[in-house]
Amino acid sequence: MSYVPDNPLIVQGDRSVLCEVASPRFEEARDALLVCAELVKSPEYVHTWRLTPLSLWNAASAGHSPDEVLGLLAGLAKFPIPDSIPAFVREKMGRYGALTLVRDGEWLRLEARDAQLLAEVQGIKQLDDLIGLGGVTADSASLRVHPRRRGELKQALTAFGHPVEDLAGYDDGDALEMALAPTLPDGTPWSLRDYQIEAVDAFHGGPAAGSGVIVLPCGAGKTLVGVAAMVKLGMRTLILCTGHTALQQWKREILARTTLTEDDVGEYTSQIKQLKPVTLTTYQLLTWRPDTLSTPPHMKLFHGARWGLVIYDEVHLLPAPVFREVAEVQSRRRLGLTATLVREDGLEHDVFALVGPKRYDLPWKKLEAQGWIATARCVEVRVPLGDDDRDRYTRAGKRDRFRIATINARKYAVLATLLDRHAGEPTLVLGTYLDQLEWVSRRFSLPLVTGETSKAERDRLFRAFRDGDVPTLALSKVGNFAVDLPNASVAIQIAGTWGSRQEEAQRLGRVLRAKDGDNQAVFYSLVTDESREQEMAERRQLFLAEQGYPYRIEHVA
């Protein structure tokens with residue numbers, strides 16, 4: 001049996017892949033695994049990845065072949081790959097494209113690569129009401145599907161392990177004449193970066209062009225990618241944002257970077273109901289309903305105009321009611337933008353089926369090496385509980401233990417030390433529990449922004465932070481996304497939301513915007529030692545470890 005000691009991977013028959021962090025080929029191996037696997041755990045010395053159907057479907061949808069994936073694994077493996085792995089990779093990747101949806105006049109047709117697969121699909125009873133619409137067509141290898149069931153069928157088949165390549169095309173929306181402006185309003189010339197152009201081309205290119213997800217880190221200009229994709233298409237566009245702050249940022253970028261004017265760009269919010277060629281709204285408004293028995297009244301916005309493109313900002317946060325609506329608007333082009341496809345509810349399959357597969361993904365560390373985002377250090381500071389808190393912790397239930405650990409009073413001395421260490425640097429203090437944040441705000445005289453802060457006050461504080469008048473700002477979970485504070489270079493997380501990987505990634509993203517000078521940033525996470533919070537921290541850090549961000553551990557006596 002051949003053995004290559006310098007190679008970092010051990011591929012195992014249970015589809016797990018062990019990767020040695022100390023290997024000189026570690027970064028090469030990590031980038032290879034990003035193509036086809038998901039990170040499961042990341043302790044100090046050996047990371048564990050797993051080959052999954054979804055990770056392999058995304059690899060296939062991005063144009064990678066089974067031979068390419070197996071070649072990457074074999075070229076980095078210490079030992080020969082177990083015989084079961086090539087069969088698994090070929091079978092799962094082969095499923096993408098084995099079922100396709102195509103146009104058939106006023107209908108759609110689900111085509112199968114062979115009659116056996118079609119029979120397998122017909123044998124799934126849960127699909128009876130989705131494919132029993134016209135029966136088997138003359139070639140006996142396809143089924144007629146009603147256009148309105150397009151999304152439901154893809155969602156259901158994906159859940160049963162049969163991803164569908166959607167080649168049915170889209171209904172064009174109303175044409176909209178626009179172009180990227182060569183200069184900003186102040187006269188500064190600008191242009192898209194190479195990777196942003198690649199992302200736009202990836203979305204608009206290939207046989208299934210027009211639907212899918214672009215994954216780029218916070219600070220890498222995802223909004224500009226969305227704007228450029230809209231301009232390249234040249235059609236009426238609906239943009240869904242995470243909140244009012246994000247909506248305003250999108251509007252500013254559209255007006256600054258394109259030839260569109262105020263007359264072309266509208267806000268559809270609780271205060272303003274504008275339906276314009278480019279319309280921006282929020283997930284909160286779309287899902288709002290007057291009572292639990294009512295249908296969200298603003299969902300009609302999806303059908304209120306001839307949209308050529310629907311953009312889902314931070315698509316990993318897509319609420320379940322919006323998923324249902326996305327299933328009904330499959331004839332519109334769909335672009336999802338996110339820093340991470342991780343969903344804590346496990347609905348990554350639904351993003352794949354209804355918004356589209358991953359079209360473009362660039363490792364964070366590659367952008368860091370090119371200077372497009374800041375070089376970030378991640379530090380986990382482990383803080384012991386005091387004697388009284390330790391006694392309460394020991395007697396508490398699992399959920400209460402997490403809260404006791406999270407609000408550990410000894411964290412505040414550590415926070416004071418870190419604030420002194422970084423005095424004068426633009427710093428964000430990030431938390432979860434409002435009572436804890438309010439105490440920190442009073443103790444350290446820090447302005448605090450929460451969901452209850454008025455829009456005017458929030459905008460004032462953000463502007464003061466950007467201008468340097470407020471050097472340190474405390475933020476609740478409203479700071480997890482779409483906060484335009486590009487000068488922030490230090491983030492101190494005093495509490496997180498359980499084991500949320502997406503939150504950890506978003507919070508690091510707050511300090512990743514490229515900086516003048518040394519382009520450095522640091523992200524601290526204060527974690528109670530030997531506690532439930534430490535267990536959750538290990539889960540939170542998974543996605544960032546996947547991107548190449550190890551956490552240095554510091555212990556507080």
# chains A, B, ... in the order shown; residues from 1 in each chain; ligands from 1
>>> residues_around(residues="range 245-260 of chain A", least_positions_apart="3", cutoff="7 Å", atoms="only C-alpha atoms", output="list in words")
Met178, Ala179, Leu180, Ala181, Leu184, Pro185, Thr223, Val227, Cys241, Thr242, Asp264, Leu280, Thr281, Ala482 and Val483 of chain A
>>> residues_around(residues="Trp49 in chain A", least_positions_apart="3", cutoff="6 Å", atoms="only C-alpha atoms", output="VMD selection string")
chain A and resid 16 to 17 38 to 40
>>> write_last_selection(atoms="N, CA and C atoms", output="PDB file, in the first residue's frame")
ATOM      1  N   SER A  16     -15.683  10.734   5.741  1.00  0.00           N
ATOM      2  CA  SER A  16     -15.012  11.813   6.456  1.00  0.00           C
ATOM      3  C   SER A  16     -13.593  11.951   5.904  1.00  0.00           C
ATOM      4  N   VAL A  17     -13.077  13.163   5.988  1.00  0.00           N
ATOM      5  CA  VAL A  17     -11.731  13.443   5.494  1.00  0.00           C
ATOM      6  C   VAL A  17     -10.986  14.178   6.599  1.00  0.00           C
ATOM      7  N   GLU A  38     -17.681  19.599   3.412  1.00  0.00           N
ATOM      8  CA  GLU A  38     -18.105  20.515   4.475  1.00  0.00           C
ATOM      9  C   GLU A  38     -17.288  20.234   5.724  1.00  0.00           C
ATOM     10  N   LEU A  39     -16.864  21.303   6.398  1.00  0.00           N
ATOM     11  CA  LEU A  39     -16.088  21.146   7.624  1.00  0.00           C
ATOM     12  C   LEU A  39     -17.005  20.736   8.770  1.00  0.00           C
ATOM     13  N   VAL A  40     -16.607  19.707   9.512  1.00  0.00           N
ATOM     14  CA  VAL A  40     -17.409  19.178  10.617  1.00  0.00           C
ATOM     15  C   VAL A  40     -16.875  19.650  11.966  1.00  0.00           C
TER      16      VAL A  40
END
>>> closest_residue(among="A:Leu508, A:Ala376, A:Leu415, A:Leu542", to="Val522 in chain A", atoms="only C-alpha atoms")
A:Ala376
>>> residues_around(residues="range 88-98 of chain A", least_positions_apart="3", cutoff="6 Å", atoms="only C-alpha atoms", output="list in words")
Pro53, Leu56, Trp57, Ala60, Pro66, Ile85, Ala112, Arg113, Pro163 and Glu165 of chain A
>>> atom_distance(atom1="CA of Asp114 in chain A", atom2="CA of Ala141 in chain A")
6.3 Å
>>> residues_around(residues="Gln271 in chain A", least_positions_apart="4", cutoff="12 Å", atoms="only C-alpha atoms", output="PyMOL selection string")
chain A and resi 244+267+281+285
>>> write_last_selection(atoms="N, CA and C atoms", output="PDB file, in the first residue's frame")
ATOM      1  N   HIS A 244     -33.740  48.017   7.314  1.00  0.00           N
ATOM      2  CA  HIS A 244     -33.767  49.366   6.739  1.00  0.00           C
ATOM      3  C   HIS A 244     -32.356  49.890   6.466  1.00  0.00           C
ATOM      4  N   GLU A 267     -38.383  52.693  -2.610  1.00  0.00           N
ATOM      5  CA  GLU A 267     -38.397  51.964  -1.339  1.00  0.00           C
ATOM      6  C   GLU A 267     -39.817  51.480  -1.073  1.00  0.00           C
ATOM      7  N   THR A 281     -36.980  46.336  -0.729  1.00  0.00           N
ATOM      8  CA  THR A 281     -37.837  46.073   0.423  1.00  0.00           C
ATOM      9  C   THR A 281     -37.070  45.221   1.422  1.00  0.00           C
ATOM     10  N   LEU A 285     -40.722  43.270   6.323  1.00  0.00           N
ATOM     11  CA  LEU A 285     -41.988  43.754   5.781  1.00  0.00           C
ATOM     12  C   LEU A 285     -42.715  42.645   5.023  1.00  0.00           C
TER      13      LEU A 285
END
>>> select_by_dssp(residues="range 245-332 of chain A", states="strand (DSSP E)", output="JSON, numbers by chain")
{"A": [265, 266, 267, 278, 279, 280, 281, 282, 309, 310, 311, 312, 313]}
>>> write_last_selection(atoms="N, CA and C atoms", output="mmCIF file, in the first residue's frame")
data_model
loop_
_atom_site.group_PDB
_atom_site.id
_atom_site.type_symbol
_atom_site.label_atom_id
_atom_site.label_comp_id
_atom_site.auth_asym_id
_atom_site.auth_seq_id
_atom_site.Cartn_x
_atom_site.Cartn_y
_atom_site.Cartn_z
ATOM 1 N N VAL A 265 -35.403 54.416 -8.590
ATOM 2 C CA VAL A 265 -35.140 53.532 -7.444
ATOM 3 C C VAL A 265 -36.126 53.836 -6.331
ATOM 4 N N GLY A 266 -36.920 52.847 -5.936
ATOM 5 C CA GLY A 266 -37.958 53.064 -4.940
ATOM 6 C C GLY A 266 -37.796 52.222 -3.698
ATOM 7 N N GLU A 267 -38.383 52.693 -2.610
ATOM 8 C CA GLU A 267 -38.397 51.964 -1.339
ATOM 9 C C GLU A 267 -39.817 51.480 -1.073
ATOM 10 N N VAL A 278 -36.478 49.807 -10.107
ATOM 11 C CA VAL A 278 -35.708 49.068 -9.106
ATOM 12 C C VAL A 278 -36.355 49.341 -7.759
ATOM 13 N N THR A 279 -36.862 48.300 -7.117
ATOM 14 C CA THR A 279 -37.586 48.447 -5.852
ATOM 15 C C THR A 279 -36.878 47.666 -4.760
ATOM 16 N N LEU A 280 -36.682 48.322 -3.620
ATOM 17 C CA LEU A 280 -36.013 47.702 -2.476
ATOM 18 C C LEU A 280 -37.009 47.519 -1.348
ATOM 19 N N THR A 281 -36.980 46.336 -0.729
ATOM 20 C CA THR A 281 -37.837 46.073 0.423
ATOM 21 C C THR A 281 -37.070 45.221 1.422
ATOM 22 N N THR A 282 -37.725 44.845 2.517
ATOM 23 C CA THR A 282 -37.056 44.070 3.567
ATOM 24 C C THR A 282 -37.786 42.763 3.836
ATOM 25 N N LEU A 309 -35.436 40.305 -12.478
ATOM 26 C CA LEU A 309 -34.470 39.749 -11.536
ATOM 27 C C LEU A 309 -34.942 40.032 -10.121
ATOM 28 N N VAL A 310 -34.804 39.025 -9.247
ATOM 29 C CA VAL A 310 -35.037 39.202 -7.811
ATOM 30 C C VAL A 310 -33.713 38.897 -7.108
ATOM 31 N N ILE A 311 -33.220 39.861 -6.308
ATOM 32 C CA ILE A 311 -31.967 39.687 -5.571
ATOM 33 C C ILE A 311 -32.279 39.473 -4.099
ATOM 34 N N TYR A 312 -31.733 38.405 -3.535
ATOM 35 C CA TYR A 312 -31.917 38.082 -2.118
ATOM 36 C C TYR A 312 -30.602 38.365 -1.397
ATOM 37 N N ASP A 313 -30.534 39.514 -0.716
ATOM 38 C CA ASP A 313 -29.331 39.854 0.036
ATOM 39 C C ASP A 313 -29.270 38.990 1.296
#
>>> closest_atom_pairs(of="range 56-90 of chain A", to="range 354-374 of chain A", cutoff="7 Å", atoms="only C-alpha atoms", output="tab-separated table")
residue	atom	partner	partner_atom	distance
A:Asn58	CA	A:Lys358	CA	5.9
A:Ser61	CA	A:Pro357	CA	6.5
A:Ala62	CA	A:Arg359	CA	5.8
>>> residues_around(residues="His162 in chain A", least_positions_apart="2", cutoff="8 Å", atoms="only C-alpha atoms", output="MDAnalysis selection string")
chainID A and resid 95:96 99 157:160 164
>>> closest_residue(among="A:Asp467, A:Asp529, A:Asp263, A:Glu152", to="Gly386 in chain A", atoms="only C-alpha atoms")
A:Asp529
>>> select_by_dssp(residues="range 143-331 of chain A", states="alpha helix (DSSP H)", output="PyMOL selection string")
chain A and resi 150-159+194-204+222-233+244-257+283-287+320-328
>>> write_last_selection(atoms="C-alpha atoms", output="PDB file, in the first residue's frame")
ATOM      1  CA  ARG A 150     -41.683  24.271 -10.783  1.00  0.00           C
ATOM      2  CA  GLY A 151     -40.277  25.325  -7.438  1.00  0.00           C
ATOM      3  CA  GLU A 152     -42.208  22.811  -5.361  1.00  0.00           C
ATOM      4  CA  LEU A 153     -41.037  19.963  -7.582  1.00  0.00           C
ATOM      5  CA  LYS A 154     -37.374  20.977  -7.396  1.00  0.00           C
ATOM      6  CA  GLN A 155     -37.614  21.421  -3.628  1.00  0.00           C
ATOM      7  CA  ALA A 156     -39.250  18.024  -3.134  1.00  0.00           C
ATOM      8  CA  LEU A 157     -36.913  16.143  -5.473  1.00  0.00           C
ATOM      9  CA  THR A 158     -33.848  17.684  -3.836  1.00  0.00           C
ATOM     10  CA  ALA A 159     -35.129  16.542  -0.436  1.00  0.00           C
ATOM     11  CA  ASP A 194     -11.498  41.070 -11.205  1.00  0.00           C
ATOM     12  CA  TYR A 195     -13.222  38.637  -8.846  1.00  0.00           C
ATOM     13  CA  GLN A 196     -16.417  40.714  -8.885  1.00  0.00           C
ATOM     14  CA  ILE A 197     -16.455  40.524 -12.691  1.00  0.00           C
ATOM     15  CA  GLU A 198     -15.874  36.755 -12.449  1.00  0.00           C
ATOM     16  CA  ALA A 199     -18.810  36.433 -10.030  1.00  0.00           C
ATOM     17  CA  VAL A 200     -21.162  38.370 -12.326  1.00  0.00           C
ATOM     18  CA  ASP A 201     -20.057  36.307 -15.329  1.00  0.00           C
ATOM     19  CA  ALA A 202     -20.539  33.079 -13.368  1.00  0.00           C
ATOM     20  CA  PHE A 203     -24.113  34.070 -12.515  1.00  0.00           C
ATOM     21  CA  HIS A 204     -25.017  35.023 -16.081  1.00  0.00           C
ATOM     22  CA  LYS A 222     -21.222  41.645  -2.601  1.00  0.00           C
ATOM     23  CA  THR A 223     -23.556  44.617  -3.085  1.00  0.00           C
ATOM     24  CA  LEU A 224     -21.510  45.776  -6.078  1.00  0.00           C
ATOM     25  CA  VAL A 225     -21.745  42.279  -7.554  1.00  0.00           C
ATOM     26  CA  GLY A 226     -25.526  42.459  -7.216  1.00  0.00           C
ATOM     27  CA  VAL A 227     -25.643  45.917  -8.782  1.00  0.00           C
ATOM     28  CA  ALA A 228     -23.417  44.811 -11.678  1.00  0.00           C
ATOM     29  CA  ALA A 229     -25.502  41.661 -12.258  1.00  0.00           C
ATOM     30  CA  MET A 230     -28.632  43.842 -12.416  1.00  0.00           C
ATOM     31  CA  VAL A 231     -27.011  46.279 -14.856  1.00  0.00           C
ATOM     32  CA  LYS A 232     -25.748  43.491 -17.106  1.00  0.00           C
ATOM     33  CA  LEU A 233     -29.262  42.020 -17.324  1.00  0.00           C
ATOM     34  CA  HIS A 244     -33.767  49.366   6.739  1.00  0.00           C
ATOM     35  CA  THR A 245     -30.031  50.064   7.161  1.00  0.00           C
ATOM     36  CA  ALA A 246     -29.157  47.525   4.467  1.00  0.00           C
ATOM     37  CA  LEU A 247     -31.870  48.913   2.208  1.00  0.00           C
ATOM     38  CA  GLN A 248     -30.412  52.406   2.458  1.00  0.00           C
ATOM     39  CA  GLN A 249     -26.913  51.094   1.738  1.00  0.00           C
ATOM     40  CA  TRP A 250     -28.163  49.342  -1.398  1.00  0.00           C
ATOM     41  CA  LYS A 251     -29.935  52.494  -2.528  1.00  0.00           C
ATOM     42  CA  ARG A 252     -26.819  54.627  -2.010  1.00  0.00           C
ATOM     43  CA  GLU A 253     -24.660  52.191  -3.966  1.00  0.00           C
ATOM     44  CA  ILE A 254     -27.139  51.946  -6.855  1.00  0.00           C
ATOM     45  CA  LEU A 255     -27.390  55.727  -7.182  1.00  0.00           C
ATOM     46  CA  ALA A 256     -23.620  56.206  -6.824  1.00  0.00           C
ATOM     47  CA  ARG A 257     -22.461  53.377  -9.107  1.00  0.00           C
ATOM     48  CA  TYR A 283     -37.653  40.520   4.720  1.00  0.00           C
ATOM     49  CA  GLN A 284     -39.382  41.911   7.821  1.00  0.00           C
ATOM     50  CA  LEU A 285     -41.988  43.754   5.781  1.00  0.00           C
ATOM     51  CA  LEU A 286     -42.628  40.828   3.449  1.00  0.00           C
ATOM     52  CA  THR A 287     -43.234  38.431   6.341  1.00  0.00           C
ATOM     53  CA  ALA A 320     -39.437  30.351   5.695  1.00  0.00           C
ATOM     54  CA  PRO A 321     -42.488  32.330   4.418  1.00  0.00           C
ATOM     55  CA  VAL A 322     -40.294  33.877   1.707  1.00  0.00           C
ATOM     56  CA  PHE A 323     -39.119  30.381   0.706  1.00  0.00           C
ATOM     57  CA  ARG A 324     -42.738  29.547  -0.071  1.00  0.00           C
ATOM     58  CA  GLU A 325     -43.048  32.601  -2.282  1.00  0.00           C
ATOM     59  CA  VAL A 326     -39.735  31.888  -4.005  1.00  0.00           C
ATOM     60  CA  ALA A 327     -41.151  28.483  -4.951  1.00  0.00           C
ATOM     61  CA  GLU A 328     -43.889  30.275  -6.925  1.00  0.00           C
TER      62      GLU A 328
END
>>> residues_around(residues="Arg382 in chain A", least_positions_apart="6", cutoff="10 Å", atoms="only C-alpha atoms", output="PyMOL selection string")
chain A and resi 411+414+525-531+534+553-557
>>> decode(residues="range 297-316 of chain A", atoms="N, CA and C atoms", output="short mmCIF file (atom, residue, chain, number, x, y, z; two decimals), in the first residue's frame")
data_model
loop_
_atom_site.label_atom_id
_atom_site.label_comp_id
_atom_site.auth_asym_id
_atom_site.auth_seq_id
_atom_site.Cartn_x
_atom_site.Cartn_y
_atom_site.Cartn_z
N PRO A 297 -49.63 40.24 3.86
CA PRO A 297 -50.24 40.99 2.76
C PRO A 297 -49.24 41.54 1.75
N HIS A 298 -47.99 41.73 2.15
CA HIS A 298 -47.03 42.36 1.24
C HIS A 298 -46.31 41.37 0.34
N MET A 299 -46.61 40.07 0.49
CA MET A 299 -46.02 39.09 -0.42
C MET A 299 -46.45 39.33 -1.86
N LYS A 300 -47.53 40.06 -2.04
CA LYS A 300 -48.01 40.36 -3.39
C LYS A 300 -46.98 41.16 -4.18
N LEU A 301 -46.00 41.74 -3.49
CA LEU A 301 -44.97 42.52 -4.17
C LEU A 301 -44.23 41.67 -5.20
N PHE A 302 -44.07 40.38 -4.92
CA PHE A 302 -43.41 39.49 -5.87
C PHE A 302 -44.11 39.48 -7.23
N HIS A 303 -45.43 39.67 -7.19
CA HIS A 303 -46.23 39.59 -8.41
C HIS A 303 -46.72 40.96 -8.87
N GLY A 304 -46.24 42.02 -8.20
CA GLY A 304 -46.77 43.35 -8.47
C GLY A 304 -46.18 44.03 -9.68
N ALA A 305 -45.19 43.41 -10.33
CA ALA A 305 -44.57 44.02 -11.50
C ALA A 305 -43.87 42.92 -12.29
N ARG A 306 -43.47 43.26 -13.49
CA ARG A 306 -42.77 42.30 -14.35
C ARG A 306 -41.27 42.36 -14.03
N TRP A 307 -40.92 41.74 -12.90
CA TRP A 307 -39.52 41.73 -12.49
C TRP A 307 -38.72 40.82 -13.42
N GLY A 308 -37.55 41.29 -13.83
CA GLY A 308 -36.64 40.45 -14.59
C GLY A 308 -35.66 39.73 -13.69
N LEU A 309 -35.44 40.31 -12.48
CA LEU A 309 -34.47 39.75 -11.54
C LEU A 309 -34.94 40.03 -10.12
N VAL A 310 -34.80 39.03 -9.25
CA VAL A 310 -35.04 39.20 -7.81
C VAL A 310 -33.71 38.90 -7.11
N ILE A 311 -33.22 39.86 -6.31
CA ILE A 311 -31.97 39.69 -5.57
C ILE A 311 -32.28 39.47 -4.10
N TYR A 312 -31.73 38.40 -3.54
CA TYR A 312 -31.92 38.08 -2.12
C TYR A 312 -30.60 38.36 -1.40
N ASP A 313 -30.53 39.51 -0.72
CA ASP A 313 -29.33 39.85 0.04
C ASP A 313 -29.27 38.99 1.30
N GLU A 314 -28.06 38.58 1.67
CA GLU A 314 -27.88 37.68 2.84
C GLU A 314 -28.86 36.51 2.74
N VAL A 315 -28.75 35.77 1.65
CA VAL A 315 -29.73 34.72 1.35
C VAL A 315 -29.76 33.63 2.42
N HIS A 316 -28.68 33.50 3.20
CA HIS A 316 -28.66 32.49 4.26
C HIS A 316 -29.67 32.81 5.36
#
